[in-house]
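A short worksheet on the structure shown next.
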Amino acid sequence: MRYALRSLRRARRRSLYTFLAAFYPALILVVMFGFVAGELRGMFESATKLETGHLQIRGGEELPGGALPIFSLPEGVLEELGRRGDLKLLTLRLDLPALASAGSRSLGVVVQGVEPKRVSEISPIPGLISEGRYLAGPGEAVVGEELAELLDLRVGDTLVLLSAHPEAGMGAGAVRVVGIFRAPQAEMGRTVVQVPLETARRLVRRENAITSVVAFVRGVEGPWDAWRISRTAKELKEFLPEGLAVKGFQELAPEVAVYMRIARPVLAAFSGIFFVLGGLVVLNSFYLSFLERTRELGVIRALGASRRWLMGAVMGEALFLAGSGAALGALLGAGVVALVEHLGGLRMPGAYSEFLRAFGLEPILHLRVTPWEVLGSALAMIAVAALSAWYPARRAARLDPVEAMRHVT
Amino acid sequence: MSPETVLRAEKLVKVYRSDSVETPALRGVDLEISRGEFTAVAGPSGSGKSTLLHLLGGLDRPTSGEVFLEGRALSSLSSEELARLRLERIGFVFQSYNLIPVLTVLENVAFVLELRGVPKKERERRAREILSELGIEKYADQFPHRLSGGEQQRVAVARAVVGAPAIVLADEPTANLDGENSRALIDLMRRLNDSRETTFLFATHDSRLLDRAKRLLILEDGRITADRAGEGPWDSVQVTQGA
């Protein structure tokens, strides 16, 4: 090992390049992991808190036209669900397709009957009110800025809702607009009217009517914890009465789930380019080193070193350089991620900011990286370096001592 | 083969082939080296001295014939077994010193012991001992490039004998030294031969150094043409003609 380490000092610049060839890919990969995880978490939180929850209990599959079946939970089920340790929050919702009219203008909307107190605990909408306030009692409504503009609504105006559900038929009612919110997504701002649950129930003339129980699973911080959601969903399916459906987040927001599925492979492929480049630098460096030291390695072989020793010497150099480079790169990457997060996240520039908004994300990206990703990035780079150094190491191990000692650099 | 025989060669032939051109380097060499010998192989350039030493040291394989080291036929050994045999039983001194530049003098001398797996303390003790015996202990912590050619070659001799090998093979060890340093190096090898009974076989084309040998082999055109035992000085005319 002493020979391997001392050998690194004889061509210091080349050793530095080799070090950097392992350092940069590991650094870049960890930082990119941070970005992607930040994006994924933002999308996950946006989708789950705004719309879907981690999972939903429904009365069955969607009806023709996209409406959800209306159902009532059997007595005691909600209490039973509330006692489960793996569910941290449950809220009831009644979603109805409806026509919203104000003055002479009408638009097709989705009336969301919600439990305002519960919604306030998780949904960003109460915090996005730009005018007025959030729901406090029956007969009230909040609408998005886009819908308010299209229907020329102001806080205090009356909005007439005409619901049309395949199972409940038509229903009508008037609500007073108490707040206007800035929706993270334009479509949501144009189509969603939130009202208290009991107001929505009056439209379908059914007590206890809901279209879903929206649930949040304890211990889920991001899409990487999706397995917890799947586990709970599976348990609920066995626990709930027949006929009820349990939908996980992946089914409820398939477009986000697809993006989450492809983000990491795309990142891995992209990182692969850096790793291949790093590997080529390592290969080049150690092959040059091998050529320069052919005579010396021949002497060592002549003195009686085994092939294993020679291979170990060259691989030892490579692993030391790549190991220290990759470890430092990955740690620095983790440090960058931690620093950015410590400073409150990364404010994204214009076009990217719009992209984030399209997914309902705030334009500030919160980076996140796990110890496994840091360790994995470093180990992946070390593996690439080991593969790259293998050929020169093998050449060194198979040197013919007489030929090698004749070698002139 | 007597129990004192360290090295024996039987009908050694080596032919180099390149692009269907065959160049014979050794044409049937028979040789026996006994323990404690201090033997010089003399001959002009291209006579086959280096080839002979390479074959005797298990660095190369003969086209035909056999080499026995302490009774073991080298042809039966794999390249890894040969490497182990070189490590355990043969010391080498090369023409161009061939010290490892990134190791200190002490580490260079202890290197073969390190390859053998000798613990650090023990190998350093033995390396210091031989450096002291050769009067170069003061260079122990220096790197080879700071030493003169003569000093480097003395370190190479120390490396060759530190593991108490059965034989030390020295291929033109004085080729890069001036006359004074050459004589000093051969004297030093002879001193080790006397004090430690280390067996030496060295190749040279410098007839002025042959007087210190106890046995002289003349190699010409791939054949041993003279084998004279005893103390020098040798018949300089015969040696010069031979060499």
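How things are named: the first chain in the structure tokens is A, the next is B, and so on; residues count from 1 in each chain; ligands count from 1 in the order shown.
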Contacts from chain B to chain A, 8 Å maximum, only C-alpha atoms: show me the residue list as an mmCIF file with N, CA, C and O atoms, in the first residue's frame.
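In the end it all went to result-v4.cif:
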```cif
data_model
loop_
_atom_site.group_PDB
_atom_site.id
_atom_site.type_symbol
_atom_site.label_atom_id
_atom_site.label_comp_id
_atom_site.auth_asym_id
_atom_site.auth_seq_id
_atom_site.Cartn_x
_atom_site.Cartn_y
_atom_site.Cartn_z
ATOM 1 N N HIS B 54 18.981 -14.821 -17.144
ATOM 2 C CA HIS B 54 17.508 -14.787 -17.101
ATOM 3 C C HIS B 54 16.933 -16.197 -16.962
ATOM 4 O O HIS B 54 15.983 -16.428 -16.211
ATOM 5 N N LEU B 59 13.477 -16.015 -14.913
ATOM 6 C CA LEU B 59 12.798 -14.844 -15.481
ATOM 7 C C LEU B 59 12.302 -15.141 -16.891
ATOM 8 O O LEU B 59 11.428 -14.461 -17.413
ATOM 9 N N ASP B 60 12.899 -16.138 -17.498
ATOM 10 C CA ASP B 60 12.532 -16.516 -18.865
ATOM 11 C C ASP B 60 12.608 -18.041 -18.933
ATOM 12 O O ASP B 60 13.201 -18.679 -18.064
ATOM 13 N N GLU B 80 3.515 -18.054 -11.528
ATOM 14 C CA GLU B 80 3.357 -17.593 -10.151
ATOM 15 C C GLU B 80 4.296 -18.353 -9.207
ATOM 16 O O GLU B 80 4.854 -17.763 -8.274
ATOM 17 N N LEU B 82 7.121 -19.607 -10.105
ATOM 18 C CA LEU B 82 8.462 -19.081 -10.397
ATOM 19 C C LEU B 82 8.697 -17.764 -9.658
ATOM 20 O O LEU B 82 9.776 -17.529 -9.109
ATOM 21 N N ALA B 83 7.664 -16.911 -9.658
ATOM 22 C CA ALA B 83 7.789 -15.629 -8.961
ATOM 23 C C ALA B 83 8.045 -15.880 -7.475
ATOM 24 O O ALA B 83 8.902 -15.233 -6.857
ATOM 25 N N ARG B 84 7.332 -16.824 -6.908
ATOM 26 C CA ARG B 84 7.513 -17.141 -5.483
ATOM 27 C C ARG B 84 8.929 -17.667 -5.233
ATOM 28 O O ARG B 84 9.564 -17.331 -4.234
ATOM 29 N N LEU B 85 9.401 -18.513 -6.180
ATOM 30 C CA LEU B 85 10.748 -19.070 -6.037
ATOM 31 C C LEU B 85 11.800 -17.962 -6.111
ATOM 32 O O LEU B 85 12.765 -17.943 -5.332
ATOM 33 N N ARG B 86 11.607 -17.038 -7.044
ATOM 34 C CA ARG B 86 12.559 -15.908 -7.149
ATOM 35 C C ARG B 86 12.561 -15.118 -5.852
ATOM 36 O O ARG B 86 13.610 -14.708 -5.363
ATOM 37 N N LEU B 87 11.359 -14.904 -5.332
ATOM 38 C CA LEU B 87 11.235 -14.100 -4.111
ATOM 39 C C LEU B 87 11.952 -14.774 -2.937
ATOM 40 O O LEU B 87 12.625 -14.116 -2.145
ATOM 41 N N GLU B 88 11.806 -16.083 -2.849
ATOM 42 C CA GLU B 88 12.320 -16.797 -1.675
ATOM 43 C C GLU B 88 13.800 -17.180 -1.823
ATOM 44 O O GLU B 88 14.532 -17.198 -0.834
ATOM 45 N N GLY B 91 18.385 -13.795 -5.429
ATOM 46 C CA GLY B 91 18.567 -12.349 -5.347
ATOM 47 C C GLY B 91 19.029 -11.842 -6.701
ATOM 48 O O GLY B 91 19.774 -12.525 -7.402
ATOM 49 N N PHE B 92 18.536 -10.676 -7.075
ATOM 50 C CA PHE B 92 18.926 -10.125 -8.377
ATOM 51 C C PHE B 92 19.599 -8.768 -8.203
ATOM 52 O O PHE B 92 19.168 -7.943 -7.396
ATOM 53 N N ASN B 98 17.934 -0.211 -10.890
ATOM 54 C CA ASN B 98 16.510 -0.580 -10.812
ATOM 55 C C ASN B 98 15.959 -0.571 -9.382
ATOM 56 O O ASN B 98 15.243 -1.481 -8.967
ATOM 57 N N ILE B 100 13.414 1.141 -6.631
ATOM 58 C CA ILE B 100 12.073 1.713 -6.791
ATOM 59 C C ILE B 100 12.123 3.165 -6.318
ATOM 60 O O ILE B 100 12.423 3.429 -5.147
ATOM 61 N N VAL B 102 10.128 5.526 -5.601
ATOM 62 C CA VAL B 102 9.238 6.145 -4.599
ATOM 63 C C VAL B 102 9.461 5.582 -3.193
ATOM 64 O O VAL B 102 8.796 6.000 -2.253
ATOM 65 N N LEU B 103 10.379 4.635 -3.087
ATOM 66 C CA LEU B 103 10.673 4.078 -1.758
ATOM 67 C C LEU B 103 12.050 4.544 -1.306
ATOM 68 O O LEU B 103 12.945 4.753 -2.124
ATOM 69 N N VAL B 112 11.746 -6.837 -0.644
ATOM 70 C CA VAL B 112 11.520 -8.272 -0.892
ATOM 71 C C VAL B 112 10.999 -8.964 0.369
ATOM 72 O O VAL B 112 10.214 -9.915 0.287
ATOM 73 N N LEU B 115 7.379 -8.261 0.479
ATOM 74 C CA LEU B 115 6.657 -9.154 -0.433
ATOM 75 C C LEU B 115 6.514 -10.552 0.177
ATOM 76 O O LEU B 115 5.531 -11.256 -0.067
#
```
Return as JSON, numbers by chain the full set of residues in stretch 1-221 of chain B whose backbone-based DSSP assignment is strand (DSSP E or B).
{"B": [5, 6, 7, 8, 9, 10, 11, 12, 13, 14, 15, 16, 17, 18, 21, 22, 23, 24, 25, 26, 27, 28, 29, 30, 31, 32, 33, 34, 38, 39, 40, 41, 42, 64, 65, 66, 67, 68, 69, 72, 73, 90, 91, 92, 93, 167, 168, 169, 170, 171, 200, 201, 202, 203, 204, 215, 216, 217, 218, 219, 220]}
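If you count only C-alpha atoms and ignore residues fewer than 2 places along the chain from B:Glu32, what sits within 8 Å of it is Thr5, Val6, Leu7, Arg8, Ala9, Asp30 and Ser34 of chain B.
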Export of prior selection with N, CA and C atoms as a compact mmCIF listing (two decimals), in the first residue's frame:
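Output (result.txt):
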```txt
# COMPACT_ATOMS: atom_id res chain seq x y z
N THR B 5 25.18 -28.49 -4.48
CA THR B 5 24.82 -27.83 -5.73
C THR B 5 23.58 -26.96 -5.53
N VAL B 6 23.74 -25.70 -5.89
CA VAL B 6 22.61 -24.77 -5.76
C VAL B 6 21.85 -24.70 -7.07
N LEU B 7 22.60 -24.60 -8.13
CA LEU B 7 21.98 -24.34 -9.43
C LEU B 7 22.61 -25.26 -10.47
N ARG B 8 21.76 -25.83 -11.30
CA ARG B 8 22.30 -26.70 -12.36
C ARG B 8 21.51 -26.44 -13.64
N ALA B 9 22.28 -26.33 -14.72
CA ALA B 9 21.64 -26.18 -16.03
C ALA B 9 22.05 -27.33 -16.92
N ASP B 30 25.69 -26.37 -20.29
CA ASP B 30 25.65 -27.21 -19.09
C ASP B 30 26.45 -26.50 -18.01
N SER B 34 27.90 -24.41 -7.17
CA SER B 34 27.81 -24.94 -5.80
C SER B 34 27.68 -23.81 -4.79
```
Here atom CA of A:Val192 and atom CA of A:Ala47 stand apart by 14.6 Å
For B:Leu113, the closest of B:Met189, B:Ala184, B:Ala158, B:Val168 counting only C-alpha atoms is B:Ala158
Applying 10 Å and only C-alpha atoms, which residues near stretch 124-128 of chain B remain after dropping the ones on its own chain fewer than 4 positions away? List them as a ChimeraX atom specification.
/B:105-111,113-114,118-120,132-134,136-138,140,158-159,161-163
Serialized selection, N, CA, C and O atoms, as a JSON list (two decimals), in the first residue's frame:
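Written file, again_3.json:
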```
[["chain", "number", "residue", "atom", "x", "y", "z"],
["B", 105, "VAL", "N", 15.75, 4.20, 0.67],
["B", 105, "VAL", "CA", 16.76, 3.14, 0.61],
["B", 105, "VAL", "C", 16.38, 1.99, 1.53],
["B", 105, "VAL", "O", 16.41, 0.82, 1.14],
["B", 106, "LEU", "N", 15.99, 2.32, 2.75],
["B", 106, "LEU", "CA", 15.61, 1.27, 3.71],
["B", 106, "LEU", "C", 14.42, 0.47, 3.18],
["B", 106, "LEU", "O", 14.41, -0.76, 3.23],
["B", 107, "GLU", "N", 13.43, 1.18, 2.63],
["B", 107, "GLU", "CA", 12.23, 0.49, 2.12],
["B", 107, "GLU", "C", 12.56, -0.35, 0.90],
["B", 107, "GLU", "O", 12.00, -1.43, 0.71],
["B", 108, "ASN", "N", 13.50, 0.15, 0.06],
["B", 108, "ASN", "CA", 13.91, -0.65, -1.11],
["B", 108, "ASN", "C", 14.55, -1.96, -0.67],
["B", 108, "ASN", "O", 14.25, -3.01, -1.22],
["B", 109, "VAL", "N", 15.42, -1.87, 0.32],
["B", 109, "VAL", "CA", 16.12, -3.07, 0.78],
["B", 109, "VAL", "C", 15.12, -4.03, 1.44],
["B", 109, "VAL", "O", 15.19, -5.24, 1.24],
["B", 110, "ALA", "N", 14.18, -3.45, 2.18],
["B", 110, "ALA", "CA", 13.21, -4.29, 2.90],
["B", 110, "ALA", "C", 12.09, -4.79, 1.98],
["B", 110, "ALA", "O", 11.26, -5.59, 2.41],
["B", 111, "PHE", "N", 12.08, -4.31, 0.72],
["B", 111, "PHE", "CA", 10.94, -4.58, -0.16],
["B", 111, "PHE", "C", 10.68, -6.07, -0.37],
["B", 111, "PHE", "O", 9.54, -6.54, -0.30],
["B", 113, "LEU", "N", 11.44, -8.46, 1.52],
["B", 113, "LEU", "CA", 10.93, -9.05, 2.77],
["B", 113, "LEU", "C", 9.46, -8.70, 2.95],
["B", 113, "LEU", "O", 8.67, -9.51, 3.45],
["B", 114, "GLU", "N", 9.11, -7.49, 2.52],
["B", 114, "GLU", "CA", 7.70, -7.09, 2.59],
["B", 114, "GLU", "C", 6.86, -7.99, 1.69],
["B", 114, "GLU", "O", 5.77, -8.43, 2.07],
["B", 118, "VAL", "N", 7.15, -10.58, 5.72],
["B", 118, "VAL", "CA", 7.88, -10.43, 6.99],
["B", 118, "VAL", "C", 7.34, -9.19, 7.72],
["B", 118, "VAL", "O", 7.16, -8.15, 7.09],
["B", 119, "PRO", "N", 7.09, -9.29, 9.03],
["B", 119, "PRO", "CA", 6.57, -8.13, 9.77],
["B", 119, "PRO", "C", 7.51, -6.92, 9.66],
["B", 119, "PRO", "O", 8.74, -7.09, 9.55],
["B", 120, "LYS", "N", 6.91, -5.73, 9.74],
["B", 120, "LYS", "CA", 7.65, -4.50, 9.48],
["B", 120, "LYS", "C", 8.90, -4.37, 10.35],
["B", 120, "LYS", "O", 9.99, -4.05, 9.87],
["B", 132, "SER", "N", 24.12, -1.52, 7.21],
["B", 132, "SER", "CA", 25.24, -1.22, 8.10],
["B", 132, "SER", "C", 26.48, -2.03, 7.67],
["B", 132, "SER", "O", 27.58, -1.51, 7.61],
["B", 133, "GLU", "N", 26.24, -3.28, 7.34],
["B", 133, "GLU", "CA", 27.37, -4.14, 6.93],
["B", 133, "GLU", "C", 28.01, -3.61, 5.66],
["B", 133, "GLU", "O", 29.22, -3.72, 5.46],
["B", 134, "LEU", "N", 27.18, -3.01, 4.79],
["B", 134, "LEU", "CA", 27.72, -2.49, 3.53],
["B", 134, "LEU", "C", 28.14, -1.03, 3.64],
["B", 134, "LEU", "O", 28.54, -0.42, 2.65],
["B", 136, "ILE", "N", 26.38, 1.71, 4.25],
["B", 136, "ILE", "CA", 25.50, 2.72, 3.64],
["B", 136, "ILE", "C", 24.26, 2.96, 4.49],
["B", 136, "ILE", "O", 23.23, 3.43, 3.99],
["B", 137, "GLU", "N", 24.36, 2.72, 5.76],
["B", 137, "GLU", "CA", 23.22, 2.91, 6.64],
["B", 137, "GLU", "C", 22.79, 4.38, 6.70],
["B", 137, "GLU", "O", 21.62, 4.68, 6.90],
["B", 138, "LYS", "N", 23.77, 5.27, 6.50],
["B", 138, "LYS", "CA", 23.45, 6.70, 6.59],
["B", 138, "LYS", "C", 22.48, 7.14, 5.48],
["B", 138, "LYS", "O", 21.85, 8.19, 5.59],
["B", 140, "ALA", "N", 19.83, 5.40, 4.68],
["B", 140, "ALA", "CA", 18.60, 4.61, 4.87],
["B", 140, "ALA", "C", 17.33, 5.37, 4.57],
["B", 140, "ALA", "O", 16.40, 4.83, 3.95],
["B", 158, "ALA", "N", 22.43, -4.86, -1.51],
["B", 158, "ALA", "CA", 21.83, -5.09, -0.19],
["B", 158, "ALA", "C", 20.44, -5.70, -0.35],
["B", 158, "ALA", "O", 20.07, -6.63, 0.37],
["B", 159, "ARG", "N", 19.66, -5.19, -1.30],
["B", 159, "ARG", "CA", 18.32, -5.73, -1.56],
["B", 159, "ARG", "C", 18.41, -7.20, -1.99],
["B", 159, "ARG", "O", 17.55, -8.01, -1.64],
["B", 161, "VAL", "N", 20.69, -9.43, -1.19],
["B", 161, "VAL", "CA", 21.16, -10.41, -0.20],
["B", 161, "VAL", "C", 20.36, -10.40, 1.09],
["B", 161, "VAL", "O", 20.51, -11.30, 1.91],
["B", 162, "VAL", "N", 19.50, -9.39, 1.28],
["B", 162, "VAL", "CA", 18.82, -9.24, 2.57],
["B", 162, "VAL", "C", 17.96, -10.45, 2.93],
["B", 162, "VAL", "O", 17.80, -10.79, 4.09],
["B", 163, "GLY", "N", 17.42, -11.11, 1.91],
["B", 163, "GLY", "CA", 16.54, -12.25, 2.18],
["B", 163, "GLY", "C", 17.29, -13.56, 2.27],
["B", 163, "GLY", "O", 16.65, -14.62, 2.26]]
```
Exercise: stretch 313-326 of chain A partners within 7 Å, only C-alpha atoms, chain neighbours under 4 positions left out, as a ChimeraX atom specification:
/A:1,4-5,8,18-20,22-23,26,309,330,378,381-382,385-386,389-390,393
Could you give me, as number ranges by chain, the residues within 9 Å of A:Val177, counting only C-alpha atoms and dropping anything in the same chain fewer than 4 positions from it?
A: 132, 139-143, 153-159
Residue contacts of stretch 11-24 of chain B (6 Å, only C-alpha atoms) excluding same-chain residues fewer than 3 positions away, as number ranges by chain
B: 27-30, 62-65
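One finds atom CA of A:Arg118 at 8.9 Å from atom CA of A:Leu92.
The two atoms in question, atom CA of A:Pro116 and atom CA of A:Leu236, are spaced 25.0 Å apart.
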Using DSSP on the backbone coordinates, identify all residues within stretch 7-230 of chain B classified as helix (DSSP H, G or I); present the result as number ranges by chain.
B: 49-56, 74-76, 79-89, 105-116, 120-133, 137-139, 144-146, 149-161, 179-196, 207-212
Considering only C-alpha atoms, can you say which of A:Leu346, A:Val114, A:Leu73, A:Ala183 comes closest to A:Ile129?
A:Ala183
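Closest to A:Ala268 among A:Leu128, A:Ala380, A:Val213, A:Ala396 is A:Ala380, based on only C-alpha atoms.
If you measure from each of B:Ala160, B:Leu31, B:Val93, B:Ile186 to B:Arg208 using only C-alpha atoms, the closest one turns out to be B:Ile186.
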